[in-house]
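For reference, query20.cif (mmCIF, C-alpha atoms):
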data_query
loop_
_atom_site.label_atom_id
_atom_site.label_comp_id
_atom_site.auth_asym_id
_atom_site.auth_seq_id
_atom_site.Cartn_x
_atom_site.Cartn_y
_atom_site.Cartn_z
CA LYS S 1 151.23 145.08 117.87
CA SER S 2 150.19 141.47 117.54
CA CYS S 3 152.17 139.53 114.99
CA SER S 4 151.47 136.27 113.17
CA ALA S 5 153.99 133.46 113.32
CA MET S 6 156.49 132.70 110.59
CA ASP S 7 154.79 131.86 107.33
CA VAL S 8 156.39 130.65 104.10
CA LEU S 9 154.60 131.48 100.85
CA VAL S 10 155.12 129.28 97.78
CA ALA S 11 153.16 128.02 94.79
CA SER S 12 152.39 124.37 95.53
CA LYS S 13 152.77 123.39 91.86
CA ILE S 14 154.72 124.91 88.96
CA ASN S 15 154.69 123.75 85.34
CA ALA S 16 157.86 124.42 83.34
CA LEU S 17 158.52 123.85 79.66
CA ASN S 18 161.48 121.58 78.96
CA GLY S 19 164.59 123.62 78.06
CA THR S 20 163.31 126.96 79.42
CA THR S 21 164.18 128.91 82.57
CA VAL S 22 161.77 128.74 85.50
CA LYS S 23 161.53 130.87 88.63
CA ILE S 24 160.76 128.92 91.81
CA SER S 25 159.42 131.49 94.24
CA CYS S 26 159.63 131.38 98.03
CA THR S 27 158.96 134.33 100.33
CA PHE S 28 158.33 134.45 104.07
CA THR S 29 156.70 136.68 106.64
CA SER S 30 158.01 136.97 110.17
CA CYS S 31 157.53 139.22 113.19
CA TYR S 32 161.24 139.86 113.26
CA LYS S 33 163.43 141.73 110.85
CA MET S 34 166.05 139.48 109.34
CA ASP S 35 169.23 139.35 111.41
CA VAL S 36 171.91 138.40 108.89
CA THR S 37 174.10 136.91 111.63
CA LYS S 38 171.42 134.47 112.81
CA PHE S 39 169.31 133.91 109.68
CA ALA S 40 169.44 130.43 108.11
CA MET S 41 167.92 129.06 104.92
CA ASN S 42 168.25 125.95 102.77
CA TRP S 43 166.89 124.87 99.42
CA THR S 44 166.65 121.10 98.96
CA TYR S 45 165.44 118.83 96.18
CA GLN S 46 163.60 115.50 96.40
CA GLU S 47 162.68 113.26 93.49
CA SER S 48 159.58 112.17 95.41
CA LEU S 49 158.40 112.98 98.92
CA ASN S 50 159.84 109.67 100.20
CA ASP S 51 163.34 110.29 98.81
CA THR S 52 166.25 111.81 100.68
CA GLU S 53 166.67 115.57 100.31
CA GLU S 54 169.55 116.95 98.31
CA LEU S 55 170.82 120.35 99.54
CA PHE S 56 171.63 122.60 96.56
CA MET S 57 171.55 126.15 97.94
CA THR S 58 172.15 127.63 101.36
CA TYR S 59 172.69 130.92 103.18
CA TYR S 60 176.12 131.88 104.54
CA LYS S 61 176.52 134.80 106.96
CA LYS S 62 179.27 136.46 104.97
CA LYS S 63 178.38 135.42 101.43
CA GLY S 64 174.61 135.43 101.48
CA MET S 65 172.79 132.93 99.27
CA VAL S 66 175.18 130.45 97.67
CA PRO S 67 174.42 127.61 95.23
CA LEU S 68 176.20 124.43 96.29
CA ARG S 69 178.00 122.00 94.04
CA SER S 70 175.33 119.70 92.76
CA GLU S 71 175.70 117.07 90.08
CA ARG S 72 172.03 117.44 89.24
CA PHE S 73 171.91 121.22 88.80
CA ALA S 74 175.58 122.13 88.23
CA GLU S 75 175.55 125.84 87.25
CA ARG S 76 171.86 125.98 86.41
CA VAL S 77 170.58 127.31 89.76
CA THR S 78 170.90 130.99 90.69
CA PHE S 79 169.52 133.09 93.51
CA ALA S 80 166.80 135.40 92.17
CA GLY S 81 165.32 136.78 95.38
CA ASN S 82 165.95 139.77 97.58
CA LEU S 83 166.84 139.17 101.22
CA ASP S 84 165.76 142.70 102.21
CA LYS S 85 162.25 141.79 101.05
CA ASN S 86 162.28 138.28 102.57
CA ASP S 87 162.34 136.85 99.06
CA LEU S 88 164.34 133.62 98.72
CA SER S 89 163.34 132.74 95.16
CA ILE S 90 165.66 130.93 92.77
CA THR S 91 165.77 130.39 89.02
CA LEU S 92 166.54 127.11 87.34
CA SER S 93 167.77 127.43 83.75
CA ASP S 94 167.58 124.87 80.93
CA VAL S 95 164.94 122.82 82.76
CA GLN S 96 165.27 119.07 82.18
CA LEU S 97 162.80 116.24 82.72
CA VAL S 98 165.09 114.98 85.54
CA ASP S 99 164.42 118.26 87.41
CA GLU S 100 160.86 117.11 88.13
CA GLY S 101 160.19 116.65 91.81
CA PHE S 102 159.77 118.57 95.04
CA TYR S 103 161.70 121.68 96.03
CA ASN S 104 161.85 122.53 99.74
CA CYS S 105 162.39 126.05 101.01
CA TYR S 106 163.43 126.02 104.70
CA VAL S 107 163.69 129.27 106.66
CA ARG S 108 164.91 130.09 110.17
CA ASN S 109 164.69 133.70 111.28
CA PRO S 110 165.61 133.89 114.99
CA PRO S 111 164.33 134.92 117.44
CA ASP S 112 161.28 133.46 115.63
CA ARG S 113 161.26 129.91 117.00
CA ILE S 114 159.35 128.36 114.10
CA GLN S 115 161.22 126.87 111.16
CA GLY S 116 159.33 127.87 108.03
CA HIS S 117 158.95 125.26 105.31
CA GLY S 118 157.46 125.54 101.82
CA VAL S 119 157.19 122.70 99.30
CA ILE S 120 156.93 123.31 95.56
CA GLN S 121 156.21 120.53 93.09
CA LEU S 122 157.89 121.13 89.74
CA ILE S 123 156.30 119.47 86.72
CA VAL S 124 158.28 119.54 83.47
CA VAL S 125 156.26 119.46 80.25
CA THR S 126 157.88 118.71 76.89
CA GLU S 127 157.56 120.97 73.86
CA LEU S 128 154.06 121.63 72.62
CA PRO S 129 153.51 119.83 69.30
CA PRO S 130 154.02 121.92 66.13
CA PRO S 131 150.75 123.10 64.54
CA ARG S 132 151.03 120.51 61.74
CA ASP S 133 150.35 117.64 64.16
CA SER S 134 147.29 119.36 65.57
CA THR S 135 145.69 119.63 62.11
CA ILE S 136 146.20 115.88 61.66
CA ALA S 137 144.59 115.33 65.05
CA VAL S 138 141.66 117.52 64.00
CA ALA S 139 141.33 115.62 60.69
CA ILE S 140 141.37 112.29 62.53
CA GLY S 141 138.86 113.66 65.00
CA ALA S 142 136.62 114.83 62.16
CA SER S 143 136.82 111.53 60.29
CA VAL S 144 136.11 109.55 63.46
CA GLY S 145 133.22 111.92 64.16
CA GLY S 146 132.02 111.56 60.57
CA ALA S 147 132.18 107.76 60.74
CA LEU S 148 130.18 107.81 63.95
CA ALA S 149 127.57 110.12 62.44
CA LEU S 150 127.26 107.82 59.38
CA LEU S 151 126.95 104.78 61.63
CA ILE S 152 124.17 106.37 63.65
CA LEU S 153 122.43 107.57 60.50
CA SER S 154 122.55 104.12 58.88
CA MET S 155 121.17 102.52 62.06
CA VAL S 156 118.27 104.96 62.08
CA VAL S 157 117.55 104.34 58.40
CA VAL S 158 117.64 100.54 58.89
CA LYS S 159 115.23 100.84 61.83
CA CYS S 160 112.81 102.93 59.76
CA LEU S 161 112.94 100.48 56.84
CA ARG S 162 112.29 97.54 59.12
CA ARG S 163 109.29 99.26 60.68
CA HIS S 164 108.00 100.06 57.21
CA ARG S 165 108.35 96.45 56.11
CA LYS S 166 106.52 95.19 59.20
CA GLN S 167 103.60 97.48 58.45
CA GLU S 168 103.48 96.22 54.87
CA LEU S 169 103.47 92.62 56.05
CA ILE S 170 100.69 93.33 58.54
CA SER S 171 98.53 95.01 55.90
CA GLU S 172 99.09 92.11 53.47
CA GLU S 173 98.00 89.58 56.10
CA LYS S 174 94.89 91.67 56.83
CA MET S 175 94.01 91.80 53.16
CA GLU S 176 94.39 88.04 52.82
CA GLU S 177 92.14 87.45 55.82
CA GLU S 178 89.54 89.89 54.52
CA GLY S 179 89.73 88.17 51.16
CA LYS S 180 89.10 84.78 52.80
CA LEU S 181 86.07 86.11 54.63
CA GLU S 182 84.63 87.47 51.40
CA ALA S 183 85.21 84.17 49.66
CA GLU S 184 83.49 82.25 52.50
CA GLY S 185 80.52 84.63 52.35
CA VAL S 186 80.24 83.98 48.62
CA ALA S 187 80.38 80.20 49.20
CA GLU S 188 77.67 80.32 51.87
CA GLU S 189 75.35 82.18 49.57
CA GLY S 190 75.92 79.54 46.90
CA THR S 191 74.78 76.67 49.15
CA LYS S 192 71.43 78.26 49.95
#
What's the structure tokens form of this structure?
Amino acid sequence: KSCSAMDVLVASKINALNGTTVKISCTFTSCYKMDVTKFAMNWTYQESLNDTEELFMTYYKKKGMVPLRSERFAERVTFAGNLDKNDLSITLSDVQLVDEGFYNCYVRNPPDRIQGHGVIQLIVVTELPPPRDSTIAVAIGASVGGALALLILSMVVVKCLRRHRKQELISEEKMEEEGKLEAEGVAEEGTK
């Protein structure tokens, strides 16, 4: 049967709430069943894509997946996958803002010649604000909205008043002119 090359499946971006536990998934497909004596895999961390990679978990023939001593993660990283199912996922507990960055999942499954590589960007969000704050935000929003509505309304009213005044002025001028004409007509008749 034809078989596709090694492929590593990851979510390109994961959001995690500060202080919670997050699962960083990585699975792979390969034409070959995993040979535990030749299989190799590394998890590395980078603060940004230009930074050096920090190895924090690897695969050992006899021990399987082992978290390495890491100042950054200490005891917070555990293997959460299943090698029989080609699942190399990990969990990171008590997520901190400093954990933000890029997580690389590297896989070698000989005799597959391709090294699989997945990159996951972890974004750490801080606690959602308590509901109290949101009501204040809504109140501010409403008052700003209200002020805007009043402003628009007053502008419209001013415009209408001005237009009204102009019409009054025009009609007064007309009346004056008509009055003049009448007066002149009267004068002309008087001179005859």
### Query
Interatomic distance between atom CA of Thr20 of chain S and atom CA of Tyr60 of chain S?
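Answer for the atom CA of Thr20 of chain S to atom CA of Tyr60 of chain S separation: 28.6 Å.
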### Message
I'd like the interatomic distance between atom CA of Asn104 of chain S and atom CA of Thr44 of chain S, to a tenth of an Å.
### Response
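Result for atom CA of Asn104 of chain S versus atom CA of Thr44 of chain S: 5.1 Å, one decimal.
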Which residues of segment 8-104 of chain S sit at most 8 Å from segment 112-122 of chain S, using all atoms listed in the file? Give each one's shortest atom pair and distance in Å (one decimal place), in chain and ascending residue order, as CSV.
residue,atom,partner,partner_atom,distance
S:Val8,CA,S:Gly116,CA,5.6
S:Leu9,CA,S:Gly118,CA,6.7
S:Val10,CA,S:Gly118,CA,6.0
S:Ala11,CA,S:Ile120,CA,6.1
S:Ser12,CA,S:Ile120,CA,4.7
S:Lys13,CA,S:Gln121,CA,4.6
S:Ile14,CA,S:Leu122,CA,5.0
S:Asn15,CA,S:Leu122,CA,6.0
S:Ala16,CA,S:Leu122,CA,7.2
S:Ile24,CA,S:Ile120,CA,7.8
S:Cys26,CA,S:Gly118,CA,7.3
S:Phe28,CA,S:Gly116,CA,7.7
S:Ser30,CA,S:Asp112,CA,7.3
S:Cys31,CA,S:Asp112,CA,7.3
S:Tyr32,CA,S:Asp112,CA,6.8
S:Asp99,CA,S:Leu122,CA,7.5
S:Glu100,CA,S:Leu122,CA,5.3
S:Gly101,CA,S:Leu122,CA,5.4
S:Phe102,CA,S:Gln121,CA,4.5
S:Tyr103,CA,S:Ile120,CA,5.1
S:Asn104,CA,S:Val119,CA,4.7
### Query
Which distance in Å separates atom CA of Val125 of chain S and atom CA of Thr58 of chain S, to one decimal?
27.7 Å
Padding 8 Å on every side, please: axis-aligned box over the listed atoms of segment 8-12 of chain S, centre and edge lengths to one decimal in Å, as AutoDock Vina command-line options.
--center_x 154.4 --center_y 127.9 --center_z 99.4 --size_x 20.0 --size_y 23.1 --size_z 25.3
#### Entry: Residues matched by the PyMOL selection byres ((chain S and resi 36) around 12) as a list in words
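Going through the file, the PyMOL selection byres ((chain S and resi 36) around 12) ends up selecting Tyr32, Lys33, Met34, Asp35, Thr37, Lys38, Phe39, Ala40, Met41, Tyr59, Tyr60, Lys61, Lys62, Lys63, Gly64, Met65, Leu83, Asp84, Asn86, Arg108, Asn109, Pro110 and Pro111 of chain S.
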#### Entry: Residue among S:Leu68, S:Leu97, S:Ala80, S:Leu88 lying closest to Leu55 of chain S, counting only C-alpha atoms
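Of S:Leu68, S:Leu97, S:Ala80, S:Leu88, the one nearest Leu55 of chain S, counting only C-alpha atoms, is S:Leu68.
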### Residue among S:Glu127, S:Glu71, S:Glu54, S:Asp87 lying closest to Val107 of chain S, counting only C-alpha atoms
S:Asp87
### For Thr91 of chain S, the nearest of the candidates S:Thr27, S:Thr126, S:Thr21, S:Ser154, counting all atoms listed in the file
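Under the stated criterion, the closest residue is S:Thr21.
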### Query
With only C-alpha atoms as the basis for distance, which of S:Gly19, S:Tyr106, S:Val158, S:Thr78 is at the shortest distance from Met6 of chain S?
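Closest residue, counting only C-alpha atoms: S:Tyr106.
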### Query
For Lys23 of chain S, which of S:Val124, S:Phe79, S:Gly145, S:Leu161 is the closest residue, counting only C-alpha atoms?
S:Phe79
### Residue nearest Cys105 of chain S among S:Thr52, S:Gln46, S:Asn18, S:Ser4 (counting all atoms listed in the file)
S:Gln46
Complete segment 17-28 of chain S at the level of all heavy atoms, written as a short mmCIF file (atom, residue, chain, number, x, y, z; two decimals), in the coordinates of the input.
data_model
loop_
_atom_site.label_atom_id
_atom_site.label_comp_id
_atom_site.auth_asym_id
_atom_site.auth_seq_id
_atom_site.Cartn_x
_atom_site.Cartn_y
_atom_site.Cartn_z
N LEU S 17 158.30 124.44 80.97
CA LEU S 17 158.52 123.85 79.66
C LEU S 17 159.97 123.40 79.57
O LEU S 17 160.89 124.14 79.92
CB LEU S 17 158.20 124.89 78.58
CG LEU S 17 158.05 124.39 77.15
CD1 LEU S 17 156.92 123.37 77.02
CD2 LEU S 17 157.77 125.58 76.23
N ASN S 18 160.14 122.16 79.11
CA ASN S 18 161.48 121.58 78.96
C ASN S 18 162.41 122.53 78.19
O ASN S 18 162.04 123.04 77.14
CB ASN S 18 161.31 120.26 78.18
CG ASN S 18 162.55 119.41 78.23
OD1 ASN S 18 163.36 119.55 79.13
ND2 ASN S 18 162.70 118.53 77.25
N GLY S 19 163.60 122.78 78.74
CA GLY S 19 164.59 123.62 78.06
C GLY S 19 164.49 125.10 78.36
O GLY S 19 165.33 125.89 77.93
N THR S 20 163.46 125.53 79.10
CA THR S 20 163.31 126.96 79.42
C THR S 20 163.85 127.25 80.83
O THR S 20 164.33 126.36 81.52
CB THR S 20 161.82 127.39 79.37
OG1 THR S 20 161.09 126.63 80.34
CG2 THR S 20 161.22 127.15 77.99
N THR S 21 163.77 128.51 81.23
CA THR S 21 164.18 128.91 82.57
C THR S 21 162.93 129.14 83.41
O THR S 21 161.99 129.77 82.96
CB THR S 21 165.01 130.23 82.50
OG1 THR S 21 166.19 129.96 81.75
CG2 THR S 21 165.40 130.70 83.89
N VAL S 22 162.94 128.60 84.63
CA VAL S 22 161.77 128.74 85.50
C VAL S 22 162.18 129.39 86.82
O VAL S 22 163.27 129.15 87.33
CB VAL S 22 161.09 127.37 85.75
CG1 VAL S 22 162.00 126.41 86.51
CG2 VAL S 22 159.77 127.55 86.50
N LYS S 23 161.29 130.25 87.33
CA LYS S 23 161.53 130.87 88.63
C LYS S 23 160.74 130.08 89.67
O LYS S 23 159.54 129.85 89.51
CB LYS S 23 161.07 132.32 88.64
CG LYS S 23 161.36 133.03 89.96
CD LYS S 23 160.98 134.51 89.92
CE LYS S 23 161.32 135.19 91.24
NZ LYS S 23 160.95 136.60 91.25
N ILE S 24 161.42 129.64 90.71
CA ILE S 24 160.76 128.92 91.81
C ILE S 24 160.74 129.89 92.99
O ILE S 24 161.77 130.19 93.59
CB ILE S 24 161.51 127.62 92.15
CG1 ILE S 24 161.60 126.72 90.91
CG2 ILE S 24 160.80 126.87 93.29
CD1 ILE S 24 162.44 125.47 91.07
N SER S 25 159.55 130.41 93.26
CA SER S 25 159.42 131.49 94.24
C SER S 25 159.25 130.95 95.65
O SER S 25 158.60 129.93 95.86
CB SER S 25 158.23 132.37 93.90
OG SER S 25 158.46 133.02 92.67
N CYS S 26 159.84 131.68 96.61
CA CYS S 26 159.63 131.38 98.03
C CYS S 26 159.86 132.68 98.79
O CYS S 26 160.94 133.27 98.72
CB CYS S 26 160.61 130.30 98.49
SG CYS S 26 160.48 129.96 100.26
N THR S 27 158.82 133.14 99.49
CA THR S 27 158.96 134.33 100.33
C THR S 27 158.45 133.97 101.72
O THR S 27 157.73 132.97 101.88
CB THR S 27 158.14 135.51 99.78
OG1 THR S 27 156.77 135.12 99.70
CG2 THR S 27 158.62 135.95 98.40
N PHE S 28 158.83 134.75 102.72
CA PHE S 28 158.33 134.45 104.07
C PHE S 28 157.95 135.73 104.79
O PHE S 28 158.41 136.82 104.46
CB PHE S 28 159.37 133.65 104.87
CG PHE S 28 160.58 134.44 105.29
CD1 PHE S 28 160.64 135.05 106.56
CD2 PHE S 28 161.66 134.59 104.44
CE1 PHE S 28 161.75 135.77 106.94
CE2 PHE S 28 162.78 135.33 104.82
CZ PHE S 28 162.82 135.92 106.08
#
